[in-house]
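Colleague: This is run_6.txt (compact mmCIF, C-alpha atoms and all ligand atoms).
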```
# COMPACT_ATOMS: atom_id res chain seq x y z
CA MET A 1 44.43 21.72 -43.94
CA ILE A 2 44.73 22.31 -47.67
CA ASN A 3 48.22 23.15 -48.90
CA SER A 4 47.64 23.87 -52.57
CA LEU A 5 45.81 23.13 -55.79
CA ALA A 6 47.58 19.93 -56.85
CA TYR A 7 45.83 19.31 -60.16
CA MET A 8 42.68 19.92 -62.20
CA GLY A 9 40.66 17.85 -64.63
CA PHE A 10 38.26 18.92 -67.37
CA GLU A 11 35.98 17.12 -69.78
CA SER A 12 35.77 18.35 -73.35
CA PRO A 13 34.60 17.19 -76.79
CA THR A 14 37.84 18.72 -78.14
CA ALA A 15 40.20 17.08 -75.63
CA ASP A 16 42.53 15.94 -78.43
CA GLU A 17 43.28 19.56 -79.39
CA TRP A 18 45.08 19.90 -76.05
CA ARG A 19 47.88 17.69 -77.36
CA HIS A 20 49.10 20.68 -79.36
CA PHE A 21 47.66 23.50 -77.24
CA GLY A 22 48.98 22.17 -73.94
CA SER A 23 52.51 21.55 -75.18
CA ALA A 24 53.30 23.77 -78.18
CA VAL A 25 51.36 26.81 -76.90
CA LEU A 26 51.45 26.53 -73.09
CA GLY A 27 54.75 24.66 -72.78
CA GLY A 28 53.48 21.75 -70.68
CA GLN A 29 54.94 18.26 -70.99
CA LEU A 30 52.61 15.76 -72.65
CA VAL A 31 51.99 12.51 -70.81
CA ASP A 32 51.00 9.49 -72.87
CA ARG A 33 47.57 8.19 -72.06
CA SER A 34 44.92 6.43 -74.11
CA ASP A 35 42.03 8.70 -73.15
CA GLY A 36 42.40 12.45 -73.43
CA VAL A 37 45.44 14.59 -72.76
CA ALA A 38 47.50 14.96 -69.59
CA LEU A 39 50.12 17.62 -68.94
CA ARG A 40 52.94 18.04 -66.48
CA PHE A 41 54.27 21.44 -65.42
CA ASP A 42 57.03 20.40 -63.04
CA ASP A 43 58.70 17.28 -61.66
CA HIS A 44 55.37 16.01 -60.33
CA ALA A 45 52.93 13.77 -62.16
CA GLU A 46 50.25 15.28 -64.37
CA ARG A 47 48.62 18.40 -63.00
CA LEU A 48 46.17 19.09 -65.84
CA VAL A 49 44.06 16.42 -67.51
CA VAL A 50 41.48 16.95 -70.25
CA HIS A 51 39.22 13.93 -70.62
CA PRO A 52 37.03 13.30 -73.67
CA GLY A 53 33.43 14.17 -72.82
CA GLU A 54 30.17 15.38 -74.29
CA ARG A 55 30.48 18.98 -73.15
CA ASN A 56 33.04 21.37 -71.72
CA ARG A 57 32.98 21.10 -67.96
CA VAL A 58 35.18 20.99 -64.88
CA ALA A 59 35.63 17.32 -63.96
CA TYR A 60 37.47 17.86 -60.66
CA PHE A 61 39.66 20.11 -58.54
CA GLY A 62 42.50 18.17 -56.86
CA TRP A 63 43.75 19.52 -53.53
CA ASP A 64 46.99 18.62 -51.78
CA CYS A 65 46.37 18.27 -48.05
CA ASP A 66 48.94 18.39 -45.27
CA GLY A 67 49.69 14.67 -44.92
CA ALA A 68 47.34 12.00 -43.60
CA ASP A 69 46.38 14.07 -40.53
CA GLY A 70 45.75 17.16 -42.64
CA LEU A 71 43.61 15.13 -45.03
CA ALA A 72 41.58 13.68 -42.14
CA ALA A 73 41.04 17.18 -40.73
CA VAL A 74 39.72 18.55 -44.05
CA ILE A 75 37.47 15.51 -44.52
CA ALA A 76 36.04 16.10 -41.02
CA GLN A 77 35.39 19.78 -41.82
CA VAL A 78 33.63 18.93 -45.10
CA ARG A 79 31.51 16.29 -43.37
CA SER A 80 30.60 18.74 -40.61
CA ALA A 81 29.30 21.06 -43.35
CA GLY A 82 26.83 18.30 -44.20
CA LEU A 83 28.51 17.05 -47.38
CA GLU A 84 29.16 13.39 -48.17
CA VAL A 85 32.84 12.50 -48.55
CA VAL A 86 33.81 9.26 -50.31
CA ASP A 87 37.14 7.47 -49.90
CA GLU A 88 38.39 6.51 -53.38
CA PRO A 89 41.60 4.43 -53.27
CA ALA A 90 41.20 3.35 -56.93
CA THR A 91 40.99 6.97 -58.09
CA ALA A 92 44.04 7.80 -55.97
CA ALA A 93 46.13 5.39 -58.06
CA VAL A 94 44.88 6.96 -61.31
CA ARG A 95 45.75 10.49 -60.10
CA HIS A 96 49.22 9.41 -58.80
CA VAL A 97 48.46 10.37 -55.20
CA ASP A 98 48.78 8.41 -51.94
CA ALA A 99 45.20 8.92 -50.80
CA LEU A 100 42.06 10.50 -52.22
CA ALA A 101 38.61 11.35 -50.90
CA SER A 102 36.01 13.13 -53.03
CA PHE A 103 32.96 15.28 -52.48
CA VAL A 104 30.69 17.53 -54.52
CA ASP A 105 30.46 21.13 -53.29
CA PRO A 106 27.21 23.10 -52.91
CA PHE A 107 27.68 24.49 -56.44
CA GLY A 108 28.10 21.11 -58.16
CA PHE A 109 31.90 21.03 -58.53
CA ARG A 110 33.69 17.78 -57.66
CA HIS A 111 36.67 18.15 -55.34
CA GLU A 112 39.34 15.54 -54.66
CA LEU A 113 41.19 15.84 -51.35
CA THR A 114 44.57 14.15 -51.69
CA THR A 115 48.04 13.70 -50.29
CA GLY A 116 51.36 12.96 -51.95
CA LEU A 117 51.13 13.81 -55.65
CA ALA A 118 53.97 11.69 -57.03
CA VAL A 119 57.29 13.12 -58.20
CA VAL A 120 57.96 11.30 -61.46
CA GLY A 121 61.15 12.88 -62.84
CA SER A 122 62.56 16.03 -64.33
CA PHE A 123 60.28 18.29 -66.33
CA THR A 124 60.87 18.89 -70.04
CA PRO A 125 58.79 21.77 -71.44
CA GLY A 126 56.80 21.14 -74.61
CA ARG A 127 58.31 24.16 -76.35
CA GLU A 128 61.28 26.48 -75.95
CA MET A 129 61.33 28.01 -72.46
CA ASP A 130 64.03 29.90 -70.53
CA GLY A 131 62.61 28.85 -67.17
CA GLY A 132 59.95 26.62 -65.72
CA PHE A 133 56.52 26.98 -64.21
CA VAL A 134 56.01 28.45 -60.73
CA THR A 135 54.41 25.61 -58.78
CA GLY A 136 55.96 24.08 -55.64
CA GLY A 137 54.24 25.15 -52.43
CA GLY A 138 51.97 27.44 -54.45
CA GLY A 139 50.52 24.52 -56.40
CA LEU A 140 49.37 24.42 -60.01
CA GLY A 141 48.07 28.00 -60.15
CA HIS A 142 44.77 29.70 -59.45
CA TYR A 143 41.24 29.45 -60.81
CA VAL A 144 38.28 31.79 -61.06
CA ILE A 145 34.74 30.49 -60.91
CA ILE A 146 31.29 32.03 -61.19
CA VAL A 147 28.87 31.09 -58.45
CA PRO A 148 25.23 32.01 -57.85
CA ASP A 149 25.83 33.24 -54.29
CA LEU A 150 29.05 34.99 -53.28
CA ASP A 151 28.41 34.79 -49.53
CA ALA A 152 27.67 31.05 -49.67
CA ALA A 153 30.82 30.42 -51.71
CA MET A 154 32.96 32.55 -49.36
CA SER A 155 31.62 30.62 -46.41
CA PHE A 156 32.33 27.28 -48.11
CA TYR A 157 35.93 28.12 -49.07
CA ILE A 158 36.79 29.90 -45.80
CA ASP A 159 34.85 28.04 -43.09
CA THR A 160 34.90 24.57 -44.64
CA LEU A 161 38.11 24.44 -46.70
CA GLY A 162 40.16 26.85 -44.57
CA PHE A 163 41.04 29.53 -47.14
CA ARG A 164 41.96 33.08 -46.06
CA VAL A 165 40.83 36.32 -47.72
CA SER A 166 43.44 38.05 -49.89
CA ASP A 167 41.45 41.04 -51.11
CA HIS A 168 38.35 42.22 -52.92
CA ILE A 169 37.93 43.98 -56.24
CA GLU A 170 34.84 46.07 -56.95
CA ALA A 171 35.11 47.18 -60.56
CA GLY A 172 31.70 46.86 -62.19
CA MET A 173 31.67 43.30 -60.90
CA SER A 174 32.53 41.96 -57.46
CA LEU A 175 35.49 39.61 -57.10
CA ARG A 176 36.72 37.88 -53.96
CA PHE A 177 40.28 36.51 -53.81
CA LEU A 178 41.28 33.69 -51.45
CA HIS A 179 44.59 32.04 -50.59
CA CYS A 180 45.67 28.80 -48.95
CA ASN A 181 49.46 29.27 -49.32
CA PRO A 182 51.72 32.25 -50.14
CA ARG A 183 50.42 32.48 -53.74
CA HIS A 184 48.27 35.64 -53.69
CA HIS A 185 45.19 33.65 -54.61
CA THR A 186 44.41 30.08 -55.48
CA VAL A 187 40.68 30.72 -55.86
CA ALA A 188 38.75 33.79 -56.95
CA LEU A 189 34.97 34.05 -56.90
CA SER A 190 32.54 36.14 -58.88
CA ALA A 191 28.77 35.96 -58.58
CA ALA A 192 26.03 35.81 -61.19
CA PRO A 193 22.56 34.92 -59.90
CA GLY A 194 21.39 31.51 -61.09
CA LEU A 195 24.67 30.65 -62.84
CA VAL A 196 27.69 28.44 -62.18
CA GLY A 197 30.75 28.62 -64.38
CA PHE A 198 34.46 28.28 -64.77
CA HIS A 199 36.31 31.34 -66.06
CA HIS A 200 40.04 30.65 -66.09
CA LEU A 201 42.96 28.69 -64.77
CA MET A 202 46.17 30.69 -64.27
CA LEU A 203 49.56 29.18 -65.00
CA GLU A 204 52.60 31.14 -63.85
CA VAL A 205 56.05 30.94 -65.45
CA GLU A 206 59.34 32.07 -63.94
CA GLU A 207 60.58 34.13 -66.87
CA PHE A 208 58.84 37.06 -68.56
CA THR A 209 60.44 35.93 -71.85
CA ASP A 210 58.33 32.78 -71.68
CA VAL A 211 55.15 34.87 -71.41
CA GLY A 212 56.29 36.75 -74.51
CA ARG A 213 57.05 33.51 -76.34
CA GLY A 214 53.59 32.22 -75.45
CA LEU A 215 52.03 35.42 -76.77
CA ASP A 216 54.01 35.12 -80.04
CA ILE A 217 52.73 31.57 -80.52
CA VAL A 218 49.13 32.50 -79.68
CA ASN A 219 49.29 35.34 -82.24
CA ALA A 220 51.05 33.25 -84.90
CA GLU A 221 48.37 30.57 -84.60
CA GLY A 222 45.59 33.16 -84.77
CA ARG A 223 44.18 32.14 -81.41
CA THR A 224 41.66 34.31 -79.59
CA LEU A 225 43.00 36.47 -76.80
CA ALA A 226 40.32 36.84 -74.19
CA MET A 227 42.39 39.63 -72.64
CA SER A 228 45.50 41.33 -73.96
CA LEU A 229 48.77 41.52 -72.05
CA GLY A 230 48.33 43.51 -68.86
CA ARG A 231 49.19 43.76 -65.19
CA HIS A 232 46.77 43.07 -62.36
CA THR A 233 46.43 45.48 -59.44
CA ASN A 234 46.14 42.92 -56.69
CA ASP A 235 48.43 39.95 -57.41
CA LEU A 236 50.68 42.11 -59.66
CA MET A 237 50.66 39.34 -62.30
CA THR A 238 51.72 40.40 -65.79
CA SER A 239 49.70 38.10 -68.02
CA PHE A 240 47.50 37.50 -71.04
CA TYR A 241 44.37 35.36 -71.30
CA VAL A 242 43.97 32.89 -74.16
CA ARG A 243 40.81 30.96 -75.06
CA THR A 244 41.50 27.25 -74.77
CA PRO A 245 40.05 24.62 -77.14
CA SER A 246 37.55 23.87 -74.37
CA GLY A 247 35.86 27.23 -73.97
CA PHE A 248 37.47 28.50 -70.81
CA GLU A 249 40.56 30.71 -70.59
CA ILE A 250 44.11 30.14 -69.48
CA GLU A 251 45.75 33.15 -67.85
CA TYR A 252 49.45 32.89 -68.62
CA GLY A 253 51.65 35.16 -66.60
CA THR A 254 54.64 35.90 -64.42
CA GLY A 255 55.61 37.90 -61.34
CA GLY A 256 52.72 36.99 -59.05
CA LEU A 257 52.75 38.45 -55.54
CA LEU A 258 53.32 36.24 -52.50
CA ILE A 259 51.37 36.83 -49.28
CA ASP A 260 52.78 36.67 -45.76
CA ASP A 261 49.81 36.14 -43.45
CA ALA A 262 51.72 37.70 -40.55
CA ASN A 263 51.47 41.20 -41.99
CA TRP A 264 48.86 41.01 -44.74
CA GLU A 265 46.03 43.54 -44.70
CA VAL A 266 42.87 42.93 -46.69
CA GLU A 267 41.99 45.74 -49.08
CA THR A 268 39.25 46.52 -51.56
CA LEU A 269 40.57 47.68 -54.94
CA ASP A 270 38.53 49.51 -57.58
CA ALA A 271 40.31 48.28 -60.72
CA MET A 272 41.39 44.91 -62.09
CA SER A 273 44.54 46.06 -63.86
CA PHE A 274 47.13 48.87 -63.92
CA TRP A 275 47.33 48.61 -67.71
CA GLY A 276 46.29 46.28 -70.52
CA HIS A 277 44.02 43.25 -70.07
CA ARG A 278 41.76 44.64 -72.80
CA PRO A 279 39.00 42.34 -74.07
CA PRO A 280 38.68 41.77 -77.83
CA GLU A 281 36.40 44.10 -79.82
CA GLU A 282 33.96 41.26 -80.25
CA ARG A 283 33.28 40.05 -76.73
CA LEU A 284 33.71 36.31 -76.22
CA VAL A 285 30.74 34.20 -75.30
CA PRO A 286 31.45 32.67 -71.88
CA GLY A 287 32.59 29.14 -72.61
CA ILE A 288 31.87 27.11 -69.51
CA ILE A 289 28.83 28.49 -67.82
CA GLY A 290 25.58 26.81 -66.94
CA LYS A 291 22.49 27.19 -64.85
CA ALA A 292 23.05 26.62 -61.15
CA SER A 293 20.53 23.79 -61.34
CA GLN A 294 22.75 22.04 -63.93
CA PRO A 295 26.29 23.06 -62.95
CA ALA A 296 29.22 23.52 -65.27
FE FE B 301 43.66 35.19 -62.74
```
As structure tokens, how would this structure be written, given the file I've shared?
Modeller:
Amino acid sequence: MINSLAYMGFESPTADEWRHFGSAVLGGQLVDRSDGVALRFDDHAERLVVHPGERNRVAYFGWDCDGADGLAAVIAQVRSAGLEVVDEPATAAVRHVDALASFVDPFGFRHELTTGLAVVGSFTPGREMDGGFVTGGGGLGHYVIIVPDLDAAMSFYIDTLGFRVSDHIEAGMSLRFLHCNPRHHTVALSAAPGLVGFHHLMLEVEEFTDVGRGLDIVNAEGRTLAMSLGRHTNDLMTSFYVRTPSGFEIEYGTGGLLIDDANWEVETLDAMSFWGHRPPEERLVPGIIGKASQPA
């Protein structure tokens, strides 16, 4: 089974801008590497890598599986769904994991199933922070993608990857929230016919002060807020959304809800937020979105 989102990789023509954005704005710890920018958010090896590339796109989602047996079980499930899974020991070394097998999902996203993301030493934030990032068993954070077919994506994440439903939001658009550990959601799905895209990656910090500090820096640098500070109705996250140098958003928040599967009841909510989360007056053009035939 899948434990958590271990890491993510992007490609971007503006990868170098992440050196500043990832550390001085987000508070990640820069890792030296010759190509692109890698960031740590805890005592583990890099969890976010932005590789130089011709266009903004998701390069891979990295999943932590439950040991060698857990990894084998997920690989078997993915193969039984008719997808080709490739063992990649050389890539495992590059990603600082013990084992790695990759596949491309029905929407064109590359997934890396792994075990044992290395612990490399204590985390030093890239800017002043009172606390750290909330990772651990909950993994790096959560992401939201746009898929052409909500039912097909739900089936893939639930039946093939083993996710459980957290809740639904119907608020002008339909959103489906899925979890694989106590973090309220690790994946959320929204549908747009004929399109595939990546909307945001959420990073959670322990201290509300560090959300405020991030907001101060975003404002001081004149960066675009994709959504103002607000609080979500379902995962209770208090957060803002900032446009990254690579076209997608980072949701930066604190106070996310944890789910206990033993007593969780799935609900449908009719609003995204209790307050805030206002878009800018001039709506942003979606940054990483492409035709389903040529995925993001
Ligand atoms: Fe989010």
Colleague: Which of these residues is nearest to ligand FE 301 (chain B), using only C-alpha atoms and all ligand atoms: A:Gly141, A:Pro89, A:Gly290, A:Pro193?
Modeller: A:Gly141
Colleague: Kindly indicate which residue among A:Leu48, A:Val187, A:Met154, A:Val78 lies nearest to Asp105 of chain A, using all atoms listed in the file for the distances.
Modeller: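 Checking each of A:Leu48, A:Val187, A:Met154, A:Val78 against Asp105 of chain A, counting all atoms listed in the file, the winner is A:Val78.
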Colleague: Within 8 Å of ligand FE 301 (chain B) (counting all atoms listed in the file), which residues show up? I'd like them as a CSV table (one decimal) with C-alpha atoms, keeping the file's coordinate frame.
Modeller:
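This is the output file out.csv:
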```
chain,number,residue,atom,x,y,z
A,142,HIS,CA,44.8,29.7,-59.4
A,143,TYR,CA,41.2,29.4,-60.8
A,144,VAL,CA,38.3,31.8,-61.1
A,188,ALA,CA,38.8,33.8,-57.0
A,200,HIS,CA,40.0,30.6,-66.1
A,201,LEU,CA,43.0,28.7,-64.8
A,202,MET,CA,46.2,30.7,-64.3
A,251,GLU,CA,45.8,33.2,-67.8
```
Colleague: Between A:Met227, A:Leu236, A:Ile250, A:Ala24, which is the closest to Arg127 of chain A once you count all atoms listed in the file?
Modeller: A:Ala24
Colleague: Can you pull out every residue within 12 Å of Ser174 of chain A, counting all atoms listed in the file, but drop anything in the same chain fewer than 5 positions away, and send it as a VMD selection string?
Modeller: chain A and resid 146 to 147 149 to 151 167 to 169 188 to 192 268 to 272
Colleague: Give me the segment 7-31 of chain A side of the contact with segment 50-67 of chain A, cut-off 7 Å, one line per residue showing its nearest atom pair and distance in Å at one decimal, counting all atoms listed in the file, sorted by chain and residue number, as CSV.
Modeller:
```
residue,atom,partner,partner_atom,distance
A:Tyr7,CA,A:Gly62,CA,4.8
A:Met8,CA,A:Phe61,CA,4.7
A:Gly9,CA,A:Tyr60,CA,5.1
A:Phe10,CA,A:Val58,CA,4.5
A:Glu11,CA,A:His51,CA,4.6
A:Ser12,CA,A:Asn56,CA,4.4
A:Pro13,CA,A:Gly53,CA,5.1
A:Ala15,CA,A:Pro52,CA,5.3
```
Colleague: Between A:Leu215, A:Leu83, A:Ala92, A:Leu161, which has the minimum distance to Cys180 of chain A (counting all atoms listed in the file)?
Modeller: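 Under the stated criterion, the closest residue is A:Leu161.
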Colleague: With distances taken over all atoms listed in the file, which of A:Ala226, A:Ser80, A:Gly116, A:Trp18 is nearest to Glu282 of chain A?
Modeller: A:Ala226
Colleague: Can you complete the atoms of segment 36-47 of chain A to all heavy atoms and list them as a short mmCIF file (atom, residue, chain, number, x, y, z; two decimals), in the frame of the given file?
Modeller:
```cif
data_model
loop_
_atom_site.label_atom_id
_atom_site.label_comp_id
_atom_site.auth_asym_id
_atom_site.auth_seq_id
_atom_site.Cartn_x
_atom_site.Cartn_y
_atom_site.Cartn_z
N GLY A 36 42.20 11.04 -73.72
CA GLY A 36 42.40 12.45 -73.43
C GLY A 36 43.86 12.84 -73.37
O GLY A 36 44.75 12.11 -73.83
N VAL A 37 44.11 14.00 -72.77
CA VAL A 37 45.44 14.59 -72.76
C VAL A 37 45.82 14.96 -71.33
O VAL A 37 45.01 15.56 -70.62
CB VAL A 37 45.47 15.85 -73.66
CG1 VAL A 37 46.79 16.57 -73.55
CG2 VAL A 37 45.19 15.46 -75.11
N ALA A 38 47.02 14.60 -70.92
CA ALA A 38 47.50 14.96 -69.59
C ALA A 38 48.79 15.75 -69.74
O ALA A 38 49.59 15.49 -70.64
CB ALA A 38 47.74 13.71 -68.76
N LEU A 39 48.97 16.72 -68.86
CA LEU A 39 50.12 17.62 -68.94
C LEU A 39 50.81 17.72 -67.59
O LEU A 39 50.15 17.81 -66.55
CB LEU A 39 49.67 19.02 -69.38
CG LEU A 39 49.10 19.09 -70.79
CD1 LEU A 39 48.25 20.34 -70.94
CD2 LEU A 39 50.24 19.09 -71.82
N ARG A 40 52.13 17.75 -67.65
CA ARG A 40 52.94 18.04 -66.48
C ARG A 40 53.48 19.46 -66.59
O ARG A 40 53.71 19.96 -67.70
CB ARG A 40 54.10 17.06 -66.39
CG ARG A 40 53.69 15.64 -66.01
CD ARG A 40 54.88 14.71 -66.07
NE ARG A 40 55.97 15.18 -65.25
CZ ARG A 40 57.26 14.83 -65.42
NH1 ARG A 40 57.59 13.99 -66.40
NH2 ARG A 40 58.19 15.30 -64.63
N PHE A 41 53.71 20.09 -65.43
CA PHE A 41 54.27 21.44 -65.42
C PHE A 41 55.48 21.56 -64.51
O PHE A 41 56.03 22.63 -64.31
CB PHE A 41 53.19 22.46 -65.01
CG PHE A 41 52.09 22.57 -66.05
CD1 PHE A 41 50.89 21.92 -65.87
CD2 PHE A 41 52.29 23.29 -67.21
CE1 PHE A 41 49.88 21.99 -66.83
CE2 PHE A 41 51.30 23.38 -68.17
CZ PHE A 41 50.10 22.73 -67.98
N ASP A 42 55.86 20.42 -63.92
CA ASP A 42 57.03 20.40 -63.04
C ASP A 42 57.44 18.95 -62.85
O ASP A 42 57.01 18.09 -63.64
CB ASP A 42 56.74 21.11 -61.71
CG ASP A 42 55.55 20.50 -60.95
OD1 ASP A 42 55.15 19.37 -61.29
OD2 ASP A 42 55.04 21.16 -60.03
N ASP A 43 58.22 18.65 -61.83
CA ASP A 43 58.70 17.28 -61.66
C ASP A 43 57.62 16.32 -61.15
O ASP A 43 57.85 15.11 -61.07
CB ASP A 43 59.89 17.27 -60.68
CG ASP A 43 61.10 17.96 -61.27
OD1 ASP A 43 61.06 18.29 -62.47
OD2 ASP A 43 62.09 18.17 -60.53
N HIS A 44 56.47 16.85 -60.79
CA HIS A 44 55.37 16.01 -60.33
C HIS A 44 54.64 15.38 -61.50
O HIS A 44 54.80 15.77 -62.65
CB HIS A 44 54.38 16.85 -59.50
CG HIS A 44 54.91 17.20 -58.14
ND1 HIS A 44 54.80 16.36 -57.06
CD2 HIS A 44 55.57 18.29 -57.71
CE1 HIS A 44 55.36 16.93 -56.00
NE2 HIS A 44 55.85 18.10 -56.37
N ALA A 45 53.80 14.39 -61.16
CA ALA A 45 52.93 13.77 -62.16
C ALA A 45 51.96 14.81 -62.72
O ALA A 45 51.95 15.97 -62.28
CB ALA A 45 52.17 12.62 -61.51
N GLU A 46 51.15 14.38 -63.65
CA GLU A 46 50.25 15.28 -64.37
C GLU A 46 49.41 16.16 -63.45
O GLU A 46 48.84 15.68 -62.47
CB GLU A 46 49.35 14.46 -65.29
CG GLU A 46 48.63 13.33 -64.59
CD GLU A 46 48.50 12.08 -65.46
OE1 GLU A 46 49.54 11.61 -65.96
OE2 GLU A 46 47.37 11.60 -65.62
N ARG A 47 49.38 17.43 -63.81
CA ARG A 47 48.62 18.40 -63.00
C ARG A 47 47.40 18.92 -63.75
O ARG A 47 46.55 19.60 -63.18
CB ARG A 47 49.51 19.59 -62.61
CG ARG A 47 50.54 19.26 -61.52
CD ARG A 47 51.23 20.55 -61.11
NE ARG A 47 52.26 20.43 -60.10
CZ ARG A 47 52.04 20.51 -58.78
NH1 ARG A 47 50.82 20.65 -58.32
NH2 ARG A 47 53.05 20.43 -57.94
#
```
